[in-house]
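Source file protein_19.pdb; content: PDB, C-alpha atoms.
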```
ATOM      1  CA  MET A   1     129.075 112.269  94.925
ATOM      2  CA  ILE A   2     128.887 112.376  91.114
ATOM      3  CA  GLN A   3     127.069 109.040  91.067
ATOM      4  CA  LYS A   4     124.475 110.294  93.562
ATOM      5  CA  LEU A   5     123.937 113.488  91.578
ATOM      6  CA  THR A   6     123.561 111.545  88.327
ATOM      7  CA  SER A   7     121.066 109.215  89.977
ATOM      8  CA  LEU A   8     119.059 112.166  91.326
ATOM      9  CA  LEU A   9     119.004 113.914  87.948
ATOM     10  CA  TYR A  10     117.883 110.730  86.212
ATOM     11  CA  THR A  11     115.082 110.189  88.747
ATOM     12  CA  LEU A  12     113.884 113.769  88.247
ATOM     13  CA  TRP A  13     113.998 113.235  84.479
ATOM     14  CA  VAL A  14     111.836 110.089  84.712
ATOM     15  CA  ILE A  15     109.263 111.851  86.910
ATOM     16  CA  LEU A  16     109.204 114.835  84.531
ATOM     17  CA  ILE A  17     108.689 112.605  81.490
ATOM     18  CA  PHE A  18     105.974 110.598  83.279
ATOM     19  CA  PHE A  19     103.888 113.700  83.958
ATOM     20  CA  LEU A  20     104.811 115.741  80.874
ATOM     21  CA  ILE A  21     103.714 113.097  78.369
ATOM     22  CA  MET A  22     100.591 112.398  80.381
ATOM     23  CA  PHE A  23      99.751 116.119  80.508
ATOM     24  CA  LEU A  24     100.253 116.535  76.752
ATOM     25  CA  LEU A  25      98.082 113.503  75.967
ATOM     26  CA  LEU A  26      95.499 114.218  78.665
ATOM     27  CA  PRO A  27      92.751 115.645  76.373
ATOM     28  CA  PHE A  28      93.071 112.667  74.000
ATOM     29  CA  ILE A  29      92.847 110.261  76.925
ATOM     30  CA  LEU A  30      89.984 111.869  78.838
ATOM     31  CA  ILE A  31      87.625 113.137  76.112
ATOM     32  CA  PRO A  32      86.798 109.670  74.672
ATOM     33  CA  PHE A  33      85.900 108.472  78.179
ATOM     34  CA  PHE A  34      83.462 111.383  78.544
ATOM     35  CA  LEU A  35      81.882 110.506  75.187
ATOM     36  CA  GLY A  36      80.905 107.057  76.436
ATOM     37  CA  ILE A  37      81.875 103.416  76.131
ATOM     38  CA  ARG A  38      81.642 103.456  72.319
ATOM     39  CA  PHE A  39      84.665 105.756  72.208
ATOM     40  CA  SER A  40      86.673 104.717  75.278
ATOM     41  CA  PHE A  41      88.864 102.385  73.207
ATOM     42  CA  ILE A  42      90.451 105.522  71.728
ATOM     43  CA  SER A  43      91.685 106.516  75.183
ATOM     44  CA  TYR A  44      93.578 103.256  75.453
ATOM     45  CA  LYS A  45      95.384 103.860  72.185
ATOM     46  CA  PHE A  46      96.737 107.085  73.668
ATOM     47  CA  LEU A  47      97.529 105.347  76.958
ATOM     48  CA  TRP A  48      99.551 102.859  74.908
ATOM     49  CA  LEU A  49     101.327 105.803  73.246
ATOM     50  CA  TRP A  50     102.062 107.296  76.688
ATOM     51  CA  ALA A  51     103.582 103.996  77.870
ATOM     52  CA  TRP A  52     105.657 103.613  74.686
ATOM     53  CA  LEU A  53     107.000 107.184  74.816
ATOM     54  CA  PHE A  54     107.725 106.845  78.534
ATOM     55  CA  SER A  55     109.810 103.745  77.839
ATOM     56  CA  LYS A  56     111.726 105.292  74.946
ATOM     57  CA  LEU A  57     112.528 108.572  76.693
ATOM     58  CA  THR A  58     113.563 107.093  80.039
ATOM     59  CA  PHE A  59     115.637 104.136  78.766
ATOM     60  CA  ILE A  60     113.408 101.788  80.772
ATOM     61  CA  ARG A  61     112.808  98.951  78.340
ATOM     62  CA  TYR A  62     109.877  96.548  78.532
ATOM     63  CA  ARG A  63     110.319  93.072  77.102
ATOM     64  CA  ILE A  64     106.866  91.696  76.388
ATOM     65  CA  HIS A  65     106.344  87.935  76.234
ATOM     66  CA  GLY A  66     103.286  85.742  75.733
ATOM     67  CA  ARG A  67     101.062  87.996  73.616
ATOM     68  CA  GLU A  68     100.178  84.883  71.625
ATOM     69  CA  ASN A  69      98.559  83.478  74.790
ATOM     70  CA  ILE A  70      95.980  86.278  74.964
ATOM     71  CA  PRO A  71      92.636  85.634  73.203
ATOM     72  CA  ARG A  72      91.331  88.703  71.363
ATOM     73  CA  ASP A  73      87.668  87.675  71.067
ATOM     74  CA  ARG A  74      86.456  87.962  74.671
ATOM     75  CA  ALA A  75      86.854  89.744  77.970
ATOM     76  CA  LEU A  76      89.493  88.357  80.309
ATOM     77  CA  ILE A  77      90.687  88.870  83.857
ATOM     78  CA  PHE A  78      94.421  89.598  83.874
ATOM     79  CA  VAL A  79      95.896  88.669  87.251
ATOM     80  CA  SER A  80      99.326  90.180  87.866
ATOM     81  CA  ASN A  81     101.891  90.512  90.607
ATOM     82  CA  HIS A  82     102.747  94.073  91.619
ATOM     83  CA  THR A  83     106.306  95.095  92.418
ATOM     84  CA  SER A  84     106.705  98.773  91.487
ATOM     85  CA  PHE A  85     105.014 101.792  89.922
ATOM     86  CA  LEU A  86     107.044 100.887  86.827
ATOM     87  CA  ASP A  87     104.791  97.842  86.314
ATOM     88  CA  VAL A  88     101.992 100.019  84.951
ATOM     89  CA  PRO A  89     103.434 101.175  81.579
ATOM     90  CA  GLY A  90     104.564  97.632  80.783
ATOM     91  CA  LEU A  91     101.166  96.140  81.552
ATOM     92  CA  ARG A  92      99.584  98.682  79.210
ATOM     93  CA  LEU A  93     102.026  97.626  76.483
ATOM     94  CA  LEU A  94     101.155  93.952  77.063
ATOM     95  CA  ILE A  95      97.352  93.986  77.212
ATOM     96  CA  PRO A  96      95.648  94.456  73.828
ATOM     97  CA  GLY A  97      92.709  96.838  73.547
ATOM     98  CA  GLU A  98      91.037  98.458  76.505
ATOM     99  CA  PHE A  99      90.672  97.206  80.038
ATOM    100  CA  ARG A 100      89.960  98.478  83.519
ATOM    101  CA  THR A 101      91.822  97.919  86.754
ATOM    102  CA  ILE A 102      91.103  98.242  90.461
ATOM    103  CA  ALA A 103      92.830 101.326  91.882
ATOM    104  CA  LYS A 104      93.098 102.545  95.456
ATOM    105  CA  LYS A 105      91.552 105.952  96.123
ATOM    106  CA  GLU A 106      94.907 107.458  97.181
ATOM    107  CA  LEU A 107      95.962 107.512  93.515
ATOM    108  CA  LEU A 108      93.313 110.151  92.842
ATOM    109  CA  LYS A 109      95.503 112.670  94.683
ATOM    110  CA  ILE A 110      98.357 112.429  92.146
ATOM    111  CA  PRO A 111      98.308 115.479  89.822
ATOM    112  CA  VAL A 112      97.188 114.723  86.232
ATOM    113  CA  PHE A 113      97.500 110.974  86.794
ATOM    114  CA  GLY A 114      94.604 111.126  89.259
ATOM    115  CA  LEU A 115      92.258 112.379  86.514
ATOM    116  CA  ILE A 116      93.080 109.349  84.401
ATOM    117  CA  VAL A 117      92.664 107.046  87.389
ATOM    118  CA  LYS A 118      89.172 108.438  87.961
ATOM    119  CA  ALA A 119      88.180 107.918  84.310
ATOM    120  CA  ALA A 120      89.903 104.632  83.509
ATOM    121  CA  THR A 121      89.765 102.536  86.686
ATOM    122  CA  VAL A 122      87.422 101.132  89.287
ATOM    123  CA  VAL A 123      88.397 103.135  92.384
ATOM    124  CA  VAL A 124      88.099 101.504  95.785
ATOM    125  CA  ASP A 125      88.517 102.694  99.371
ATOM    126  CA  ARG A 126      89.949  99.575 100.992
ATOM    127  CA  SER A 127      89.023 100.794 104.467
ATOM    128  CA  ASP A 128      85.320 100.999 103.550
ATOM    129  CA  ALA A 129      83.308  97.776 103.182
ATOM    130  CA  LYS A 130      80.644  99.520 101.077
ATOM    131  CA  SER A 131      83.297 100.841  98.696
ATOM    132  CA  ARG A 132      84.835  97.383  98.349
ATOM    133  CA  LYS A 133      81.428  95.880  97.577
ATOM    134  CA  LYS A 134      80.652  98.612  95.042
ATOM    135  CA  SER A 135      84.009  98.096  93.313
ATOM    136  CA  VAL A 136      83.184  94.407  92.825
ATOM    137  CA  GLU A 137      79.807  95.320  91.327
ATOM    138  CA  LEU A 138      81.448  97.819  88.967
ATOM    139  CA  ALA A 139      84.090  95.282  87.934
ATOM    140  CA  ARG A 140      81.323  92.780  87.177
ATOM    141  CA  SER A 141      79.556  95.331  84.979
ATOM    142  CA  VAL A 142      82.827  96.012  83.120
ATOM    143  CA  ILE A 143      83.193  92.309  82.290
ATOM    144  CA  GLU A 144      79.546  92.120  81.188
ATOM    145  CA  LYS A 145      80.242  94.913  78.690
ATOM    146  CA  GLY A 146      82.972  92.790  77.126
ATOM    147  CA  ILE A 147      85.877  94.769  78.624
ATOM    148  CA  SER A 148      88.757  92.994  80.372
ATOM    149  CA  MET A 149      89.890  93.632  83.938
ATOM    150  CA  LEU A 150      93.431  93.856  85.324
ATOM    151  CA  ILE A 151      93.715  92.962  89.006
ATOM    152  CA  PHE A 152      96.814  92.854  91.202
ATOM    153  CA  ALA A 153      96.169  89.599  93.015
ATOM    154  CA  GLU A 154      98.308  90.499  96.042
ATOM    155  CA  GLY A 155      96.253  93.649  96.612
ATOM    156  CA  THR A 156      99.267  95.948  96.867
ATOM    157  CA  GLN A 157     102.941  96.224  95.954
ATOM    158  CA  ASN A 158     105.030  93.367  97.277
ATOM    159  CA  ARG A 159     107.438  94.826  99.852
ATOM    160  CA  THR A 160     108.469  91.486 101.309
ATOM    161  CA  ALA A 161     111.311  89.089 100.546
ATOM    162  CA  GLU A 162     108.797  86.521  99.281
ATOM    163  CA  ILE A 163     108.452  86.069  95.521
ATOM    164  CA  LEU A 164     104.676  86.487  95.901
ATOM    165  CA  GLN A 165     102.432  87.598  98.730
ATOM    166  CA  PRO A 166      99.242  85.604  99.439
ATOM    167  CA  PHE A 167      96.518  86.341  96.899
ATOM    168  CA  LYS A 168      93.254  88.081  97.724
ATOM    169  CA  ASP A 169      89.972  86.410  96.725
ATOM    170  CA  GLY A 170      88.519  89.236  94.631
ATOM    171  CA  ALA A 171      89.884  88.395  91.174
ATOM    172  CA  PHE A 172      88.936  84.735  91.483
ATOM    173  CA  ARG A 173      85.480  85.397  92.865
ATOM    174  CA  LEU A 174      84.874  87.748  89.938
ATOM    175  CA  ALA A 175      86.182  85.161  87.463
ATOM    176  CA  ILE A 176      83.831  82.486  88.758
ATOM    177  CA  GLU A 177      80.800  84.789  89.032
ATOM    178  CA  THR A 178      81.230  85.991  85.450
ATOM    179  CA  GLN A 179      82.692  82.739  84.072
ATOM    180  CA  THR A 180      85.653  84.710  82.715
ATOM    181  CA  ALA A 181      89.062  83.123  82.075
ATOM    182  CA  VAL A 182      92.030  84.219  84.180
ATOM    183  CA  VAL A 183      95.257  85.202  82.405
ATOM    184  CA  PRO A 184      98.290  84.996  84.734
ATOM    185  CA  VAL A 185     100.801  87.813  84.214
ATOM    186  CA  VAL A 186     104.182  88.193  85.894
ATOM    187  CA  VAL A 187     106.440  91.241  86.100
ATOM    188  CA  THR A 188     110.146  90.880  86.812
ATOM    189  CA  GLY A 189     112.844  93.517  87.094
ATOM    190  CA  ALA A 190     110.666  96.503  88.009
ATOM    191  CA  ALA A 191     111.415  96.393  91.752
ATOM    192  CA  ARG A 192     115.138  96.419  90.989
ATOM    193  CA  LEU A 193     114.772  99.620  88.955
ATOM    194  CA  MET A 194     112.333 101.314  91.346
ATOM    195  CA  PRO A 195     111.966  99.616  94.736
ATOM    196  CA  PRO A 196     108.492  99.838  96.325
ATOM    197  CA  GLY A 197     108.020 102.851  98.565
ATOM    198  CA  THR A 198     110.887 104.854  97.068
ATOM    199  CA  LEU A 199     111.457 107.456  94.366
ATOM    200  CA  HIS A 200     114.879 106.096  93.510
ATOM    201  CA  ILE A 201     114.793 105.081  89.821
ATOM    202  CA  ARG A 202     117.415 103.757  87.462
ATOM    203  CA  PRO A 203     117.323 102.635  83.801
ATOM    204  CA  GLY A 204     117.184  98.991  82.804
ATOM    205  CA  THR A 205     114.940  96.256  81.462
ATOM    206  CA  ILE A 206     111.628  94.971  82.824
ATOM    207  CA  SER A 207     110.063  91.722  81.653
ATOM    208  CA  ILE A 208     106.274  91.305  81.379
ATOM    209  CA  THR A 209     105.005  87.788  80.596
ATOM    210  CA  ALA A 210     101.461  86.522  79.996
ATOM    211  CA  GLY A 211     100.695  82.846  80.532
ATOM    212  CA  LYS A 212      97.951  80.809  78.910
ATOM    213  CA  PRO A 213      94.382  81.500  80.103
ATOM    214  CA  ILE A 214      93.022  79.441  82.978
ATOM    215  CA  GLU A 215      89.472  78.546  81.983
ATOM    216  CA  VAL A 216      86.799  78.651  84.683
ATOM    217  CA  ASN A 217      83.821  77.228  82.797
ATOM    218  CA  GLY A 218      81.560  75.390  85.214
ATOM    219  CA  LEU A 219      83.450  76.407  88.347
ATOM    220  CA  GLN A 220      81.444  77.474  91.392
ATOM    221  CA  GLN A 221      82.347  79.551  94.423
ATOM    222  CA  ASN A 222      83.435  76.512  96.418
ATOM    223  CA  ASP A 223      86.124  76.038  93.736
ATOM    224  CA  LEU A 224      87.585  79.479  94.522
ATOM    225  CA  PRO A 225      90.435  78.259  96.796
ATOM    226  CA  ASP A 226      91.589  75.763  94.170
ATOM    227  CA  LEU A 227      91.480  78.375  91.391
ATOM    228  CA  LYS A 228      93.397  80.855  93.533
ATOM    229  CA  ASN A 229      96.011  78.276  94.517
ATOM    230  CA  ARG A 230      96.393  77.053  90.928
ATOM    231  CA  THR A 231      96.994  80.607  89.710
ATOM    232  CA  PHE A 232      99.396  81.334  92.563
ATOM    233  CA  GLU A 233     101.504  78.247  91.879
ATOM    234  CA  LEU A 234     101.552  78.927  88.130
ATOM    235  CA  MET A 235     102.660  82.534  88.596
ATOM    236  CA  LYS A 236     105.243  81.485  91.174
ATOM    237  CA  SER A 237     106.641  78.973  88.683
ATOM    238  CA  MET A 238     106.709  81.638  85.948
ATOM    239  CA  LEU A 239     108.596  84.021  88.251
ATOM    240  CA  LEU A 240     111.107  81.377  89.318
ATOM    241  CA  ASN A 241     111.773  80.501  85.684
ATOM    242  CA  LYS A 242     112.284  84.174  84.836
ATOM    243  CA  ASN A 243     114.574  84.732  87.804
ATOM    244  CA  SER A 244     116.704  81.717  86.886
ATOM    245  CA  THR A 245     117.134  82.844  83.272
ATOM    246  CA  PRO A 246     120.620  84.247  82.666
TER
END
```

Written form, structure tokens:
Amino acid sequence: MIQKLTSLLYTLWVILIFFLIMFLLLPFILIPFFLGIRFSFISYKFLWLWAWLFSKLTFIRYRIHGRENIPRDRALIFVSNHTSFLDVPGLRLLIPGEFRTIAKKELLKIPVFGLIVKAATVVVDRSDAKSRKKSVELARSVIEKGISMLIFAEGTQNRTAEILQPFKDGAFRLAIETQTAVVPVVVTGAARLMPPGTLHIRPGTISITAGKPIEVNGLQQNDLPDLKNRTFELMKSMLLNKNSTP
């Protein structure tokens, strides 16, 4: 009984911290976006601060690996697995500078967080073909402006027993169309602390690792399956290595 009560109180604390910090930083996150792309980098500094404070105050630690693999002089497409809502703060702590990500429209309904989703992401309605097409066009324009993209290659949180779900084509089609390198990123430990589809949370450590960029120079759309499979196998290998580490 005491253990269940402690777990419930901790979960409520994490949710409170998540929204409280975001609410306090909201003006500093949103206003630069409204001022235009010249100032949007400021928003990401405060999003980094939100992620850092969230980690410190909830005792959910993020171990970041592979920053040295990330080039700082060009836009990139970060391709990550997705295991839990707890992935998001860690990915912000990993990726330098500003970036955009693809977000499902349902996230717009979350209080406070939905405002940031609207300003900082490319929102897509997955049930609408026109929305999906528009999201690809917007993502392409983001890359052309020199801003990186973060895309969850599986399309949603992995709720299966498999280490990875099959990848969608979108990230790899975008990489080839824009000739932008793909950076594989793997998250481990987040699903153990907050399983997908639940609000049960516990403290612990999450590992976020970036691999070396996969260059796509000269690739064409008929190379998409090979690029997707190469990235899948690399990320699978990275996850297996992480899972086998004591």

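Taking all atoms listed in the file into account, the protein, DNA and RNA residues within 6 Å of (103.9, 98.9, 77.5) read Ala51, Trp52, Pro89, Gly90, Leu91, Arg92, Leu93 and Leu94 of chain A.
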
Review point. Hey, which of A:Leu76, A:Ile147, A:Val112, A:Leu24 ends up closest to Phe99 in chain A? Count all atoms listed in the file.
Key: A:Ile147

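The coordinates place CA of Lys134 in chain A at 16.1 Å from CA of Ala119 in chain A.
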
Would you kindly translate the PyMOL selection byres ((chain A and resi 65-67) around 8) into the concrete residues it picks from this file, as a tab-separated table (two decimals) with C-alpha atoms, in the coordinates of the input?
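New file result_26.tsv:
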```tsv
chain	number	residue	atom	x	y	z
A	63	ARG	CA	110.32	93.07	77.10
A	64	ILE	CA	106.87	91.70	76.39
A	68	GLU	CA	100.18	84.88	71.62
A	69	ASN	CA	98.56	83.48	74.79
A	70	ILE	CA	95.98	86.28	74.96
A	94	LEU	CA	101.16	93.95	77.06
A	95	ILE	CA	97.35	93.99	77.21
A	207	SER	CA	110.06	91.72	81.65
A	208	ILE	CA	106.27	91.30	81.38
A	209	THR	CA	105.00	87.79	80.60
A	210	ALA	CA	101.46	86.52	80.00
A	211	GLY	CA	100.70	82.85	80.53
A	212	LYS	CA	97.95	80.81	78.91
```

Exercise for review: Considering only C-alpha atoms, return as a VMD selection string whatever protein or nucleic-acid residues lie within 10 Å of Leu219 in chain A, sequence-local ones (same chain, fewer than 5 positions apart) excluded.
Suggested key: chain A and resid 175 to 177 179 224 227

Exercise for review: Would you kindly translate the PyMOL selection byres ((chain A and resi 82) around 6) into the concrete residues it picks from this file, as a ChimeraX atom specification?
Suggested key: /A:81,83,157

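Comparing A:Leu234, A:Val216, A:Ala171, A:Leu199 by their smallest distance to Val186 in chain A, the closest is A:Leu234 (using all atoms listed in the file).
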
Exercise for review: Rank A:Met1, A:Leu25, A:Leu115, A:Ala139 by their smallest atom-to-atom distance to Ile42 in chain A, using only C-alpha atoms, and report the top residue only.
Suggested key: A:Leu25

Exercise for review: For Phe39 in chain A, please output as an MDAnalysis selection string all residues within 12 Å (counting only C-alpha atoms; exclusion window: fewer than 5 positions along the same chain).
Suggested key: chainID A and resid 28:34 44:45 98

Exercise for review: Apply the PyMOL selection byres ((chain A and resi 159) around 10) to the displayed file and report the matching residues as a PyMOL selection string.
Suggested key: chain A and resi 82-84+156-158+160-165+191+195-197

Just-selected residues, C-alpha atoms written as an mmCIF file, in the frame of the given file:
```
data_model
loop_
_atom_site.group_PDB
_atom_site.id
_atom_site.type_symbol
_atom_site.label_atom_id
_atom_site.label_comp_id
_atom_site.auth_asym_id
_atom_site.auth_seq_id
_atom_site.Cartn_x
_atom_site.Cartn_y
_atom_site.Cartn_z
ATOM 1 C CA HIS A 82 102.747 94.073 91.619
ATOM 2 C CA THR A 83 106.306 95.095 92.418
ATOM 3 C CA SER A 84 106.705 98.773 91.487
ATOM 4 C CA THR A 156 99.267 95.948 96.867
ATOM 5 C CA GLN A 157 102.941 96.224 95.954
ATOM 6 C CA ASN A 158 105.030 93.367 97.277
ATOM 7 C CA THR A 160 108.469 91.486 101.309
ATOM 8 C CA ALA A 161 111.311 89.089 100.546
ATOM 9 C CA GLU A 162 108.797 86.521 99.281
ATOM 10 C CA ILE A 163 108.452 86.069 95.521
ATOM 11 C CA LEU A 164 104.676 86.487 95.901
ATOM 12 C CA GLN A 165 102.432 87.598 98.730
ATOM 13 C CA ALA A 191 111.415 96.393 91.752
ATOM 14 C CA PRO A 195 111.966 99.616 94.736
ATOM 15 C CA PRO A 196 108.492 99.838 96.325
ATOM 16 C CA GLY A 197 108.020 102.851 98.565
#
```

Practice item. Enter the distance from CA of Pro111 in chain A to CA of Trp13 in chain A, in Å, rounded to one decimal. Key: 16.7 Å

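Closest approach to Thr11 in chain A from the set A:Phe78, A:Ile201, A:Ile116, A:Leu26 is made by A:Ile201, with distances taken over only C-alpha atoms.
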
Check your understanding: What lies within 10 Å of Leu12 in chain A using only C-alpha atoms, ignoring chain neighbours under 4 positions off, as a PyMOL selection string?
Key -> chain A and resi 6-8+16-18+199-201

Write a file of the just-selected residues containing C-alpha atoms, as a JSON list (two decimals), in the coordinates of the input.
```json
[["chain", "number", "residue", "atom", "x", "y", "z"],
["A", 6, "THR", "CA", 123.56, 111.54, 88.33],
["A", 7, "SER", "CA", 121.07, 109.22, 89.98],
["A", 8, "LEU", "CA", 119.06, 112.17, 91.33],
["A", 16, "LEU", "CA", 109.20, 114.84, 84.53],
["A", 17, "ILE", "CA", 108.69, 112.60, 81.49],
["A", 18, "PHE", "CA", 105.97, 110.60, 83.28],
["A", 199, "LEU", "CA", 111.46, 107.46, 94.37],
["A", 200, "HIS", "CA", 114.88, 106.10, 93.51],
["A", 201, "ILE", "CA", 114.79, 105.08, 89.82]]
```

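Note that CA of Arg202 in chain A and CA of Ile2 in chain A are 14.8 Å apart.
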
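Nearest to Asp169 in chain A of all the residues A:Pro225, A:Gly218, A:Gly97, A:Gly114 is A:Pro225, based on all atoms listed in the file.
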
Review point. Excluding same-chain residues fewer than 4 positions from Arg140 in chain A, what lies within 9 Å of it counting all atoms listed in the file, as a count of residues only?
Key: 7

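Shortest separation to Leu57 in chain A among A:Asp223, A:Ile15, A:Thr198, A:Ser40 occurs at residue A:Ile15, atoms counted being all atoms listed in the file.
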
Could you model N, CA and C atoms for range 96-110 of chain A and present them as a tab-separated table (two decimals), in the frame of the given file?
```
chain	number	residue	atom	x	y	z
A	96	PRO	N	96.23	93.87	75.05
A	96	PRO	CA	95.65	94.46	73.83
A	96	PRO	C	94.30	95.12	74.12
A	97	GLY	N	94.01	96.19	73.39
A	97	GLY	CA	92.71	96.84	73.55
A	97	GLY	C	92.56	97.55	74.88
A	98	GLU	N	91.30	97.75	75.26
A	98	GLU	CA	91.04	98.46	76.50
A	98	GLU	C	90.74	97.50	77.64
A	99	PHE	N	90.94	97.99	78.84
A	99	PHE	CA	90.67	97.21	80.04
A	99	PHE	C	90.48	98.18	81.18
A	100	ARG	N	90.06	97.68	82.30
A	100	ARG	CA	89.96	98.48	83.52
A	100	ARG	C	90.74	97.76	84.62
A	101	THR	N	91.13	98.51	85.61
A	101	THR	CA	91.82	97.92	86.75
A	101	THR	C	91.25	98.47	88.05
A	102	ILE	N	91.49	97.77	89.13
A	102	ILE	CA	91.10	98.24	90.46
A	102	ILE	C	92.21	99.17	90.96
A	103	ALA	N	91.84	100.36	91.41
A	103	ALA	CA	92.83	101.33	91.88
A	103	ALA	C	92.43	101.85	93.25
A	104	LYS	N	93.39	102.01	94.13
A	104	LYS	CA	93.10	102.54	95.46
A	104	LYS	C	92.86	104.05	95.36
A	105	LYS	N	92.00	104.56	96.22
A	105	LYS	CA	91.55	105.95	96.12
A	105	LYS	C	92.70	106.95	96.29
A	106	GLU	N	93.78	106.54	96.96
A	106	GLU	CA	94.91	107.46	97.18
A	106	GLU	C	95.53	107.94	95.87
A	107	LEU	N	95.39	107.13	94.81
A	107	LEU	CA	95.96	107.51	93.52
A	107	LEU	C	95.26	108.72	92.90
A	108	LEU	N	94.05	108.99	93.36
A	108	LEU	CA	93.31	110.15	92.84
A	108	LEU	C	93.99	111.46	93.20
A	109	LYS	N	94.85	111.45	94.21
A	109	LYS	CA	95.50	112.67	94.68
A	109	LYS	C	96.71	113.06	93.83
A	110	ILE	N	97.17	112.14	92.97
A	110	ILE	CA	98.36	112.43	92.15
A	110	ILE	C	97.97	113.38	91.01
```
